[in-house]
Every structure is written in C-alpha cells, then in structure tokens.
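Student: Dropping in query.cif, which is mmCIF, C-alpha atoms:
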```
data_data
#
loop_
_atom_site.label_atom_id
_atom_site.label_comp_id
_atom_site.auth_asym_id
_atom_site.auth_seq_id
_atom_site.Cartn_x
_atom_site.Cartn_y
_atom_site.Cartn_z
CA MET A 14 -10.54 83.83 44.46
CA ASN A 15 -9.85 80.32 43.14
CA ASP A 16 -12.86 78.12 42.41
CA THR A 17 -12.19 74.79 44.13
CA ARG A 18 -15.39 73.05 43.02
CA PRO A 19 -14.89 69.83 41.02
CA ILE A 20 -14.91 70.14 37.23
CA ASN A 21 -17.78 68.01 35.98
CA GLY A 22 -17.89 66.14 32.68
CA LEU A 23 -20.11 67.71 30.00
CA SER A 24 -20.99 65.36 27.16
CA VAL A 25 -23.20 65.13 24.09
CA ASP A 26 -24.25 61.80 22.59
CA VAL A 27 -24.35 62.71 18.91
CA GLU A 28 -27.13 60.79 17.19
CA ASP A 29 -30.06 61.94 15.08
CA TRP A 30 -33.70 61.96 16.14
CA PHE A 31 -34.51 58.72 14.28
CA GLN A 32 -31.54 56.74 15.64
CA VAL A 33 -32.67 56.46 19.25
CA GLY A 34 -33.51 53.26 21.06
CA ALA A 35 -37.08 54.47 21.60
CA PHE A 36 -37.81 54.13 17.88
CA GLU A 37 -35.75 51.07 16.99
CA THR A 38 -38.83 48.86 16.60
CA VAL A 39 -40.57 51.24 14.18
CA ILE A 40 -37.73 52.85 12.18
CA ASP A 41 -35.50 50.36 10.39
CA ARG A 42 -31.77 51.08 10.07
CA ALA A 43 -32.08 50.35 6.35
CA ASP A 44 -34.34 53.40 6.05
CA TRP A 45 -31.97 55.83 7.78
CA PRO A 46 -30.23 57.13 4.62
CA ALA A 47 -33.55 58.32 3.21
CA ILE A 48 -34.58 60.27 6.32
CA ARG A 49 -33.86 63.99 6.49
CA THR A 50 -31.28 64.59 9.20
CA ARG A 51 -31.40 67.35 11.81
CA VAL A 52 -28.27 66.51 13.77
CA GLU A 53 -26.02 69.11 12.14
CA ARG A 54 -28.23 72.12 12.85
CA ASN A 55 -28.87 70.89 16.39
CA CYS A 56 -25.15 70.41 17.07
CA ASP A 57 -24.44 73.88 15.73
CA ASP A 58 -26.94 75.24 18.26
CA ILE A 59 -25.13 73.31 21.00
CA LEU A 60 -21.79 74.69 19.87
CA ALA A 61 -23.22 78.20 20.10
CA LEU A 62 -24.61 77.49 23.57
CA PHE A 63 -21.26 76.13 24.80
CA ASP A 64 -19.36 79.03 23.23
CA ALA A 65 -21.62 81.60 24.89
CA ALA A 66 -21.01 79.92 28.26
CA GLY A 67 -17.27 79.51 27.68
CA VAL A 68 -17.27 75.74 28.30
CA LYS A 69 -15.75 72.75 26.53
CA GLY A 70 -17.27 69.29 26.37
CA THR A 71 -17.06 65.88 24.74
CA PHE A 72 -19.08 64.82 21.72
CA PHE A 73 -19.57 61.03 21.69
CA THR A 74 -20.44 60.59 18.02
CA LEU A 75 -21.82 57.79 15.89
CA GLY A 76 -19.59 56.73 13.01
CA TRP A 77 -22.72 56.79 10.83
CA VAL A 78 -23.05 60.51 11.56
CA ALA A 79 -19.34 61.16 11.02
CA VAL A 80 -19.27 59.91 7.43
CA ARG A 81 -22.31 62.01 6.52
CA HIS A 82 -21.41 65.21 8.35
CA PRO A 83 -17.61 65.51 8.28
CA ARG A 84 -17.64 69.32 8.28
CA LEU A 85 -19.69 69.28 11.50
CA LEU A 86 -17.12 67.09 13.22
CA ARG A 87 -14.33 69.36 12.02
CA ARG A 88 -16.15 72.38 13.49
CA ILE A 89 -16.60 70.62 16.82
CA ALA A 90 -12.92 69.70 17.04
CA GLU A 91 -11.72 73.14 15.91
CA ALA A 92 -13.83 74.72 18.68
CA GLY A 93 -11.73 72.82 21.24
CA HIS A 94 -14.17 70.08 22.17
CA GLU A 95 -13.22 66.42 22.46
CA MET A 96 -14.32 63.98 19.77
CA ALA A 97 -15.10 60.48 21.08
CA SER A 98 -16.88 57.37 19.83
CA HIS A 99 -20.49 56.36 20.38
CA GLY A 100 -20.17 53.29 18.16
CA TRP A 101 -21.15 52.94 14.53
CA ASP A 102 -24.95 52.88 14.37
CA HIS A 103 -26.23 52.83 17.97
CA GLU A 104 -26.29 49.05 18.27
CA ARG A 105 -26.22 48.07 21.92
CA VAL A 106 -23.14 46.21 23.10
CA PHE A 107 -25.06 43.32 24.67
CA ARG A 108 -26.45 42.51 21.21
CA MET A 109 -22.94 41.96 19.81
CA ASP A 110 -20.22 39.42 20.36
CA ALA A 111 -16.60 40.43 20.93
CA ALA A 112 -15.61 40.23 17.26
CA THR A 113 -18.58 42.28 16.11
CA PHE A 114 -17.94 44.85 18.82
CA ALA A 115 -14.31 45.13 17.75
CA ARG A 116 -15.37 45.85 14.16
CA ASP A 117 -17.92 48.40 15.37
CA LEU A 118 -15.25 50.20 17.39
CA ASP A 119 -12.75 50.17 14.56
CA MET A 120 -15.19 51.46 11.94
CA SER A 121 -16.54 54.26 14.11
CA ARG A 122 -13.15 55.42 15.32
CA LYS A 123 -11.72 55.61 11.81
CA ALA A 124 -14.76 57.53 10.55
CA ILE A 125 -14.60 60.05 13.38
CA GLU A 126 -10.85 60.57 13.16
CA ASP A 127 -10.97 60.96 9.37
CA ALA A 128 -13.75 63.54 9.62
CA ALA A 129 -12.51 65.52 12.61
CA GLY A 130 -8.77 65.27 12.08
CA VAL A 131 -8.11 64.42 15.73
CA ALA A 132 -7.40 61.23 17.65
CA VAL A 133 -10.19 59.42 19.52
CA SER A 134 -9.41 57.98 22.97
CA GLY A 135 -12.85 57.78 24.60
CA TYR A 136 -15.95 55.65 24.09
CA ARG A 137 -19.54 55.61 25.29
CA ALA A 138 -21.71 52.60 24.58
CA PRO A 139 -25.13 53.30 23.06
CA SER A 140 -27.76 53.28 25.82
CA PHE A 141 -25.03 52.62 28.43
CA SER A 142 -25.05 49.01 27.26
CA ILE A 143 -21.87 47.76 28.93
CA ASP A 144 -23.13 45.85 31.94
CA ALA A 145 -22.78 42.60 33.86
CA ARG A 146 -23.56 40.65 30.68
CA THR A 147 -20.64 42.11 28.70
CA PRO A 148 -17.42 42.00 30.77
CA TRP A 149 -15.51 41.15 27.58
CA ALA A 150 -16.29 44.63 26.19
CA PHE A 151 -13.62 46.24 28.39
CA GLU A 152 -11.02 43.79 27.08
CA VAL A 153 -11.86 44.78 23.49
CA LEU A 154 -11.65 48.49 24.37
CA ALA A 155 -8.26 47.98 25.99
CA GLU A 156 -6.98 45.97 23.02
CA GLN A 157 -7.90 48.85 20.72
CA GLY A 158 -6.06 51.37 22.89
CA TYR A 159 -8.94 53.36 24.34
CA ALA A 160 -7.95 55.40 27.40
CA TYR A 161 -11.40 55.57 28.95
CA SER A 162 -15.01 54.54 28.64
CA SER A 163 -18.14 56.20 30.00
CA SER A 164 -20.53 53.35 29.27
CA VAL A 165 -21.91 52.17 32.60
CA ALA A 166 -25.09 53.33 34.32
CA PRO A 167 -24.82 51.96 37.88
CA ILE A 168 -28.58 51.69 38.39
CA ALA A 169 -31.48 49.38 37.61
CA HIS A 170 -33.49 50.53 34.57
CA ASP A 171 -35.86 48.85 32.15
CA HIS A 172 -33.54 49.50 29.18
CA TYR A 173 -30.07 49.41 30.73
CA GLY A 174 -28.11 49.42 33.96
CA TRP A 175 -25.52 47.61 36.03
CA ARG A 176 -26.79 48.09 39.56
CA GLU A 177 -23.79 46.50 41.29
CA ALA A 178 -21.17 48.58 39.48
CA PRO A 179 -19.24 51.29 41.35
CA ARG A 180 -20.79 54.75 41.21
CA PHE A 181 -17.47 56.44 40.49
CA ALA A 182 -14.35 55.81 38.42
CA PHE A 183 -13.05 52.25 38.33
CA HIS A 184 -10.49 50.15 36.52
CA PRO A 185 -12.39 47.27 34.89
CA LEU A 186 -9.26 45.24 34.06
CA ALA A 187 -6.41 44.28 36.36
CA ASP A 188 -3.78 44.48 33.61
CA SER A 189 -4.86 47.70 31.83
CA PRO A 190 -4.93 51.42 32.63
CA LEU A 191 -8.36 51.68 30.97
CA VAL A 192 -10.70 53.62 33.25
CA GLU A 193 -14.50 53.54 33.29
CA ILE A 194 -16.31 56.75 34.28
CA PRO A 195 -19.94 55.84 35.08
CA VAL A 196 -22.75 58.27 34.43
CA THR A 197 -23.82 60.12 37.56
CA THR A 198 -26.15 58.77 40.21
CA ALA A 199 -27.23 60.33 43.48
CA THR A 200 -28.31 58.50 46.62
CA PHE A 201 -31.42 58.94 48.75
CA ALA A 202 -32.64 56.68 51.56
CA GLY A 203 -30.12 54.04 50.53
CA ARG A 204 -31.21 53.98 46.89
CA ARG A 205 -29.35 55.06 43.77
CA LEU A 206 -31.12 57.58 41.60
CA ALA A 207 -30.30 58.28 37.95
CA ALA A 208 -29.12 61.88 37.79
CA GLY A 209 -26.75 62.14 34.84
CA GLY A 210 -28.92 63.85 32.27
CA GLY A 211 -30.91 62.76 29.23
CA GLY A 212 -34.59 62.14 29.77
CA PHE A 213 -34.27 62.35 33.55
CA PHE A 214 -32.97 65.90 33.28
CA ARG A 215 -35.56 66.88 30.70
CA VAL A 216 -38.60 65.46 32.52
CA LEU A 217 -37.81 66.07 36.19
CA PRO A 218 -37.72 69.54 37.80
CA TYR A 219 -34.39 71.30 37.46
CA GLY A 220 -34.01 71.37 41.24
CA PHE A 221 -33.53 67.61 41.31
CA SER A 222 -30.51 67.72 39.00
CA ARG A 223 -29.01 70.65 40.90
CA TRP A 224 -29.42 68.78 44.20
CA ALA A 225 -27.92 65.59 42.77
CA ILE A 226 -24.85 67.24 41.25
CA ARG A 227 -24.26 69.23 44.42
CA GLN A 228 -24.43 66.00 46.43
CA VAL A 229 -21.77 64.40 44.22
CA ASN A 230 -19.56 67.52 44.21
CA ARG A 231 -19.75 67.88 48.00
CA ALA A 232 -18.32 64.38 48.21
CA GLY A 233 -15.35 65.66 46.19
CA ARG A 234 -16.39 63.87 43.01
CA PRO A 235 -17.13 65.17 39.53
CA ALA A 236 -20.53 64.54 37.99
CA VAL A 237 -20.94 63.14 34.48
CA PHE A 238 -23.77 64.74 32.50
CA TYR A 239 -25.02 63.84 29.03
CA PHE A 240 -27.71 64.87 26.57
CA HIS A 241 -28.54 64.46 22.87
CA PRO A 242 -28.80 67.00 20.04
CA TRP A 243 -32.41 66.02 19.34
CA GLU A 244 -33.35 66.96 22.92
CA ILE A 245 -33.08 70.67 22.10
CA ASP A 246 -35.19 70.30 18.93
CA PRO A 247 -38.93 70.66 19.68
CA ASN A 248 -39.75 70.87 15.94
CA GLN A 249 -38.46 67.41 15.05
CA PRO A 250 -40.87 64.97 13.32
CA ARG A 251 -43.27 62.94 15.43
CA VAL A 252 -43.28 59.14 15.14
CA ALA A 253 -46.94 58.37 15.65
CA ASP A 254 -46.65 54.58 15.54
CA ALA A 255 -43.99 54.33 18.27
CA PRO A 256 -45.12 52.86 21.62
CA LEU A 257 -46.75 55.39 23.95
CA ARG A 258 -44.04 55.05 26.60
CA SER A 259 -41.37 55.69 23.99
CA ARG A 260 -43.16 58.77 22.69
CA LEU A 261 -43.57 60.16 26.20
CA ARG A 262 -39.90 59.62 26.99
CA HIS A 263 -38.71 61.11 23.72
CA TYR A 264 -40.92 64.17 23.29
CA THR A 265 -41.65 65.40 26.83
CA ASN A 266 -40.25 68.89 27.59
CA LEU A 267 -38.20 69.29 24.41
CA GLY A 268 -39.13 72.96 24.39
CA VAL A 269 -37.59 73.67 27.80
CA MET A 270 -34.38 71.67 27.40
CA ALA A 271 -32.15 74.44 26.04
CA GLY A 272 -33.09 76.80 28.84
CA LYS A 273 -32.45 74.16 31.49
CA LEU A 274 -29.06 73.44 29.94
CA ARG A 275 -28.06 77.10 30.12
CA GLN A 276 -28.99 77.15 33.80
CA LEU A 277 -27.10 73.95 34.54
CA ILE A 278 -23.97 75.09 32.73
CA GLY A 279 -24.07 78.36 34.65
CA ASP A 280 -24.52 76.70 38.05
CA PHE A 281 -21.52 74.33 37.91
CA ARG A 282 -18.02 73.92 36.49
CA TRP A 283 -17.68 71.83 33.32
CA GLY A 284 -15.00 70.32 31.12
CA ARG A 285 -14.10 67.56 28.68
CA MET A 286 -14.44 63.88 29.55
CA ASP A 287 -10.86 62.97 28.57
CA GLU A 288 -9.51 65.50 31.06
CA LEU A 289 -11.88 64.26 33.76
CA ALA A 290 -10.88 60.63 33.08
CA ALA A 291 -7.19 61.47 33.37
CA ARG A 292 -7.77 63.08 36.76
CA GLU A 293 -10.01 60.30 38.07
CA ALA A 294 -7.75 57.46 36.89
CA GLU A 295 -5.44 58.03 39.84
CA ARG A 296 -8.14 57.21 42.38
CA ALA A 297 -10.17 54.74 40.36
CA VAL A 298 -10.86 51.50 42.24
CA PRO A 299 -10.28 48.02 40.78
CA LEU A 300 -13.62 46.62 39.66
CA GLN A 301 -13.20 43.22 41.27
CA GLU A 302 -12.39 44.76 44.64
CA ALA A 303 -15.44 47.01 44.40
CA LEU A 304 -17.75 44.12 43.50
CA ALA A 305 -16.38 42.01 46.34
CA ALA A 306 -16.77 44.76 48.93
#
```
Would you kindly transcribe this structure into structure tokens?
Tutor:
Amino acid sequence: MNDTRPINGLSVDVEDWFQVGAFETVIDRADWPAIRTRVERNCDDILALFDAAGVKGTFFTLGWVAVRHPRLLRRIAEAGHEMASHGWDHERVFRMDAATFARDLDMSRKAIEDAAGVAVSGYRAPSFSIDARTPWAFEVLAEQGYAYSSSVAPIAHDHYGWREAPRFAFHPLADSPLVEIPVTTATFAGRRLAAGGGGFFRVLPYGFSRWAIRQVNRAGRPAVFYFHPWEIDPNQPRVADAPLRSRLRHYTNLGVMAGKLRQLIGDFRWGRMDELAAREAERAVPLQEALAA
C-alpha cells in the first residue's frame, strides 16, 4: 500500500555547543579556535541515527565548521544527505548590511562545497534572522543563485520571528524563482505556535510536536523540523556565567533528545529540504500578495 502522507523536511543546523546565540554575550568569537569542539562526534551520532531509520536530511552547516571538519562534511554528503549553508559564523542577518551578508554567503558556500565536494543550493539564516527588517536578504540570496531559503520563523519570539510572514512556502521576490520554506508553526485558538523543533521540541512533551505535525500534514502540507548536534550531547561543558534563561533553554532535556528524535522520525515521513523546496515551489504564494491579504 502506497504511503500518501506528505514528506516532511528533516534538517540539522550544524554548529558547535559554544557557537549558539544563547552564549554570544559570554563566549567571544575570537576564543572559538581554542575551544575543544564536539560537533564532529555529535554529527556522527546523528548520521548513525538517520542511517538506522533509513532517512535522509539536510545539514545546514557553518562555514567555520566546514574548514575545520572537512572529513565530516564529506561523510555527510557521501551518505546521501544534502549539504546547505548556515552562514559563516552564526552572525544574525539583521546585524549585517547587504554587502557583508553577500560576503558571508560567499565564504560559507565555498568552504562547504570545497569540504563536501557537492554543490550548495540552500540556506538557513542563523536564528531564523531573515525577517521584516531584512527584505534585502532575499535579493542577495537570489543574486548568488540560491534555489531556496529556510530562514523565516512566522511567529513572534523574543530572539527572532516575522509574525506576518506566510506559514508555508512563498516566493519572496517577484522576479526570481527563489522560494522560502518557513519553519513549521501550528495554530490553536487563532494563534500561531512554534512547532518546528529545536528547544521547543526538546522542552515540551513529545505529544505536542506529534499533534502539530499531524495538523500540518492533514492540511496537505509538509512540516519543516530542525535541531542541532549539541542537543543530543548531555555531556557538553556547562557555561556557568551565561544568563539563567539562556542556560535553561540550552541545557534542558538534553538527555532525552535522542530518544525523542527516534520516535519522531519513526512516526512521520522525512526527506531532504532541497527536494521539499522543489515540490513546494509550484504552489508557493507571492510574498506581497500574502502580506496584502
């Protein structure tokens, strides 16, 4: 019997434990080269988890990671997963101008392609930082030939979010085939709820994520799910001088994350983001029409 359920997008934002936004005020980028990395061993565990489940996904990777772990990127690509860009060093887009963003994209793409030996056509902004403040970012992505972006969180959040953006695939530019695939939200009582993974998946009961993805799939839409390699690493170092809220967000339920991922992967259909973007491009709505509706 054919499985007619939508194929959801499975993605990994490849950054190390010390490169997250939660610690950016206490760990300086200049200190990164001296810190012992854990991203390679964590990604190898993810590759094993995906292989055991028979699924393929997309690894949105920092250029900084690519130049230091080229063999890891080669392993990911050789296993049949998509390599995509997560920028150079996790700088948020709204902290850059167009020229700086263009350099960031160019550096990271070259580093990833050189390491993995495959072409990069997808991008995810660090901390979903393409929003109403940065409409020029889509123009830069189109100029550099990216096929898709998955950089918008269509919610209100204290660190990111573009509440007015469409919940599903849209074309941000009238004169470009570039498609944006927002991270998943569910709706309840007229409100949008973040349901695409990361800390929300780790902290909230598994039943919430299952309900949310089922809601999206029943509407005939694919969900977009993401997580980070450090989220399956309960033995990572603790940053004692980080703000309490940041520590709670970062460290809560690290020990249960791998098990929840196995359950999630088993409960739904999953695939690469480039394949999802190609399918969704045909029914993506023009951004300006969606905002005017």
Student: Using the chain letters and residue numbers of this document, give as a list of chain:residue names the residues selected by the PyMOL selection byres ((chain A and resi 91) around 12).
Tutor: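 That expression, the PyMOL selection byres ((chain A and resi 91) around 12), corresponds here to A:Leu60, A:Lys69, A:Arg84, A:Leu85, A:Leu86, A:Arg87, A:Arg88, A:Ile89, A:Ala90, A:Ala92, A:Gly93, A:His94, A:Glu95, A:Met96, A:Ala128, A:Ala129, A:Gly130, A:Val131.
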Student: One decimal, Å: what's the distance from atom CA of A:Pro218 over to atom CA of A:Lys273, could you say?
Tutor: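 Interatomic distance here is 9.4 Å.
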Student: Counting all atoms listed in the file, what is within 9 Å of A:Ala79, bar same-chain residues fewer than 2 positions away, as an MDAnalysis selection string?
Tutor: chainID A and resid 74:77 81:86 121 124:129
Student: Tell me which residues the PyMOL selection byres ((chain A and resi 21) around 8) grabs here, as a list in words.
Tutor: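 Taken on the displayed file, the PyMOL selection byres ((chain A and resi 21) around 8) yields the residues Pro19, Ile20, Gly22, Leu23, Pro235, Ala236, Val237, Phe238, Phe281, Arg282, Trp283, Gly284 and Leu289 of chain A.
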Student: Give me, as a Markdown table, each residue of stretch 87-175 of chain A that comes within 12 Å of stretch 28-34 of chain A, together with its shortest interatomic pair and the distance in Å at one decimal, counting all atoms listed in the file, with rows ordered by chain and rising residue number.
Tutor:
```
| residue | atom | partner | partner_atom | distance |
| --- | --- | --- | --- | --- |
| A:Ser98 | CA | A:Glu28 | CA | 11.1 |
| A:His99 | CA | A:Glu28 | CA | 8.6 |
| A:Gly100 | CA | A:Glu28 | CA | 10.3 |
| A:Trp101 | CA | A:Glu28 | CA | 10.2 |
| A:Asp102 | CA | A:Gln32 | CA | 7.7 |
| A:His103 | CA | A:Gln32 | CA | 7.0 |
| A:Glu104 | CA | A:Gly34 | CA | 8.8 |
| A:Arg105 | CA | A:Gly34 | CA | 9.0 |
| A:Pro139 | CA | A:Gly34 | CA | 8.6 |
| A:Ser140 | CA | A:Gly34 | CA | 7.5 |
| A:Phe141 | CA | A:Gly34 | CA | 11.3 |
| A:Ser142 | CA | A:Gly34 | CA | 11.3 |
| A:His172 | CA | A:Gly34 | CA | 8.9 |
| A:Tyr173 | CA | A:Gly34 | CA | 11.0 |
```
Student: Print the selection's residues with C-alpha atoms to a file, as a PDB file, in the coordinates of the input.
Tutor:
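part-v4.pdb, written as the output of this step:
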```
ATOM      1  CA  SER A  98     -16.880  57.370  19.830  1.00  0.00           C
ATOM      2  CA  HIS A  99     -20.490  56.360  20.380  1.00  0.00           C
ATOM      3  CA  GLY A 100     -20.170  53.290  18.160  1.00  0.00           C
ATOM      4  CA  TRP A 101     -21.150  52.940  14.530  1.00  0.00           C
ATOM      5  CA  ASP A 102     -24.950  52.880  14.370  1.00  0.00           C
ATOM      6  CA  HIS A 103     -26.230  52.830  17.970  1.00  0.00           C
ATOM      7  CA  GLU A 104     -26.290  49.050  18.270  1.00  0.00           C
ATOM      8  CA  ARG A 105     -26.220  48.070  21.920  1.00  0.00           C
ATOM      9  CA  PRO A 139     -25.130  53.300  23.060  1.00  0.00           C
ATOM     10  CA  SER A 140     -27.760  53.280  25.820  1.00  0.00           C
ATOM     11  CA  PHE A 141     -25.030  52.620  28.430  1.00  0.00           C
ATOM     12  CA  SER A 142     -25.050  49.010  27.260  1.00  0.00           C
ATOM     13  CA  HIS A 172     -33.540  49.500  29.180  1.00  0.00           C
ATOM     14  CA  TYR A 173     -30.070  49.410  30.730  1.00  0.00           C
TER      15      TYR A 173
END
```
Student: For A:Tyr264, which residue out of A:Val216, A:Ala297, A:Ile143, A:Ala232 is the nearest one, using all atoms listed in the file?
Tutor: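 Nearest candidate to A:Tyr264 out of A:Val216, A:Ala297, A:Ile143, A:Ala232: A:Val216.
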Student: Using atom CA of A:Gln157 and atom CA of A:Leu300 as the two end points, give the distance in Å to one decimal.
Tutor: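 Here the two named atoms are 19.9 Å from each other.
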Student: Of the candidates A:Ala303, A:Ala111, A:Ile40, A:Ala47, which shows the shortest atom-to-atom distance to A:Pro179, using all atoms listed in the file?
Tutor: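 Of the candidates, the smallest distance to A:Pro179 is held by A:Ala303.
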Student: Fewer than 4 positions away in the same chain doesn't count, so skip those; otherwise give me all residues within 12 Å of A:Gly212, counting all atoms listed in the file, as a list of chain:residue names.
Tutor: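 Near A:Gly212, the qualifying residues are A:Ala35, A:Ser140, A:Ala207, A:Ala208, A:Val216, A:Leu217, A:Pro218, A:Tyr219, A:Ser222, A:Phe238, A:Tyr239, A:Phe240, A:His241, A:Trp243, A:Glu244, A:Ile245, A:Ser259, A:Arg260, A:Leu261, A:Arg262, A:His263, A:Tyr264, A:Thr265, A:Asn266, A:Leu267, A:Met270.
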Student: Between A:Met286, A:Val25, A:Leu274, A:Ala255, which is the closest to A:Glu37 once you count all atoms listed in the file?
Tutor: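 Selected residue with least distance to A:Glu37: A:Ala255.
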Student: Report as lines of an AutoDock Vina configuration file the centre and the edge lengths, in Å to one decimal, of the axis-aligned box holding every listed atom of stretch 207-215 of chain A, padded by 5 Å on each side.
Tutor:
```
center_x = -31.2
center_y = 62.6
center_z = 33.6
size_x = 18.8
size_y = 18.6
size_z = 18.7
```
Student: Which residues come within 8 Å of A:Cys56, counting all atoms listed in the file, excluding same-chain residues fewer than 2 positions away, as a PDB file with C-alpha atoms, in the coordinates of the input?
Tutor:
```pdb
ATOM      1  CA  VAL A  27     -24.350  62.710  18.910  1.00  0.00           C
ATOM      2  CA  VAL A  52     -28.270  66.510  13.770  1.00  0.00           C
ATOM      3  CA  GLU A  53     -26.020  69.110  12.140  1.00  0.00           C
ATOM      4  CA  ARG A  54     -28.230  72.120  12.850  1.00  0.00           C
ATOM      5  CA  ASP A  58     -26.940  75.240  18.260  1.00  0.00           C
ATOM      6  CA  ILE A  59     -25.130  73.310  21.000  1.00  0.00           C
ATOM      7  CA  LEU A  60     -21.790  74.690  19.870  1.00  0.00           C
ATOM      8  CA  LEU A  85     -19.690  69.280  11.500  1.00  0.00           C
ATOM      9  CA  PRO A 242     -28.800  67.000  20.040  1.00  0.00           C
TER      10      PRO A 242
END
```
Student: Compile the contact shell of stretch 160-171 of chain A as a list in words: residues with an atom at most 7 Å away, counting all atoms listed in the file, same-chain residues fewer than 6 positions apart removed.
Tutor: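 Selected residues are Ser134, Gly135, Tyr136, Arg137, Ala138, Phe141, Ser142, Ile143, Asp144, Glu177, Ala178, Pro179, Arg180, Leu191, Val192, Glu193, Ile194, Pro195, Val196, Arg205, Ala207 and Ala290 of chain A.
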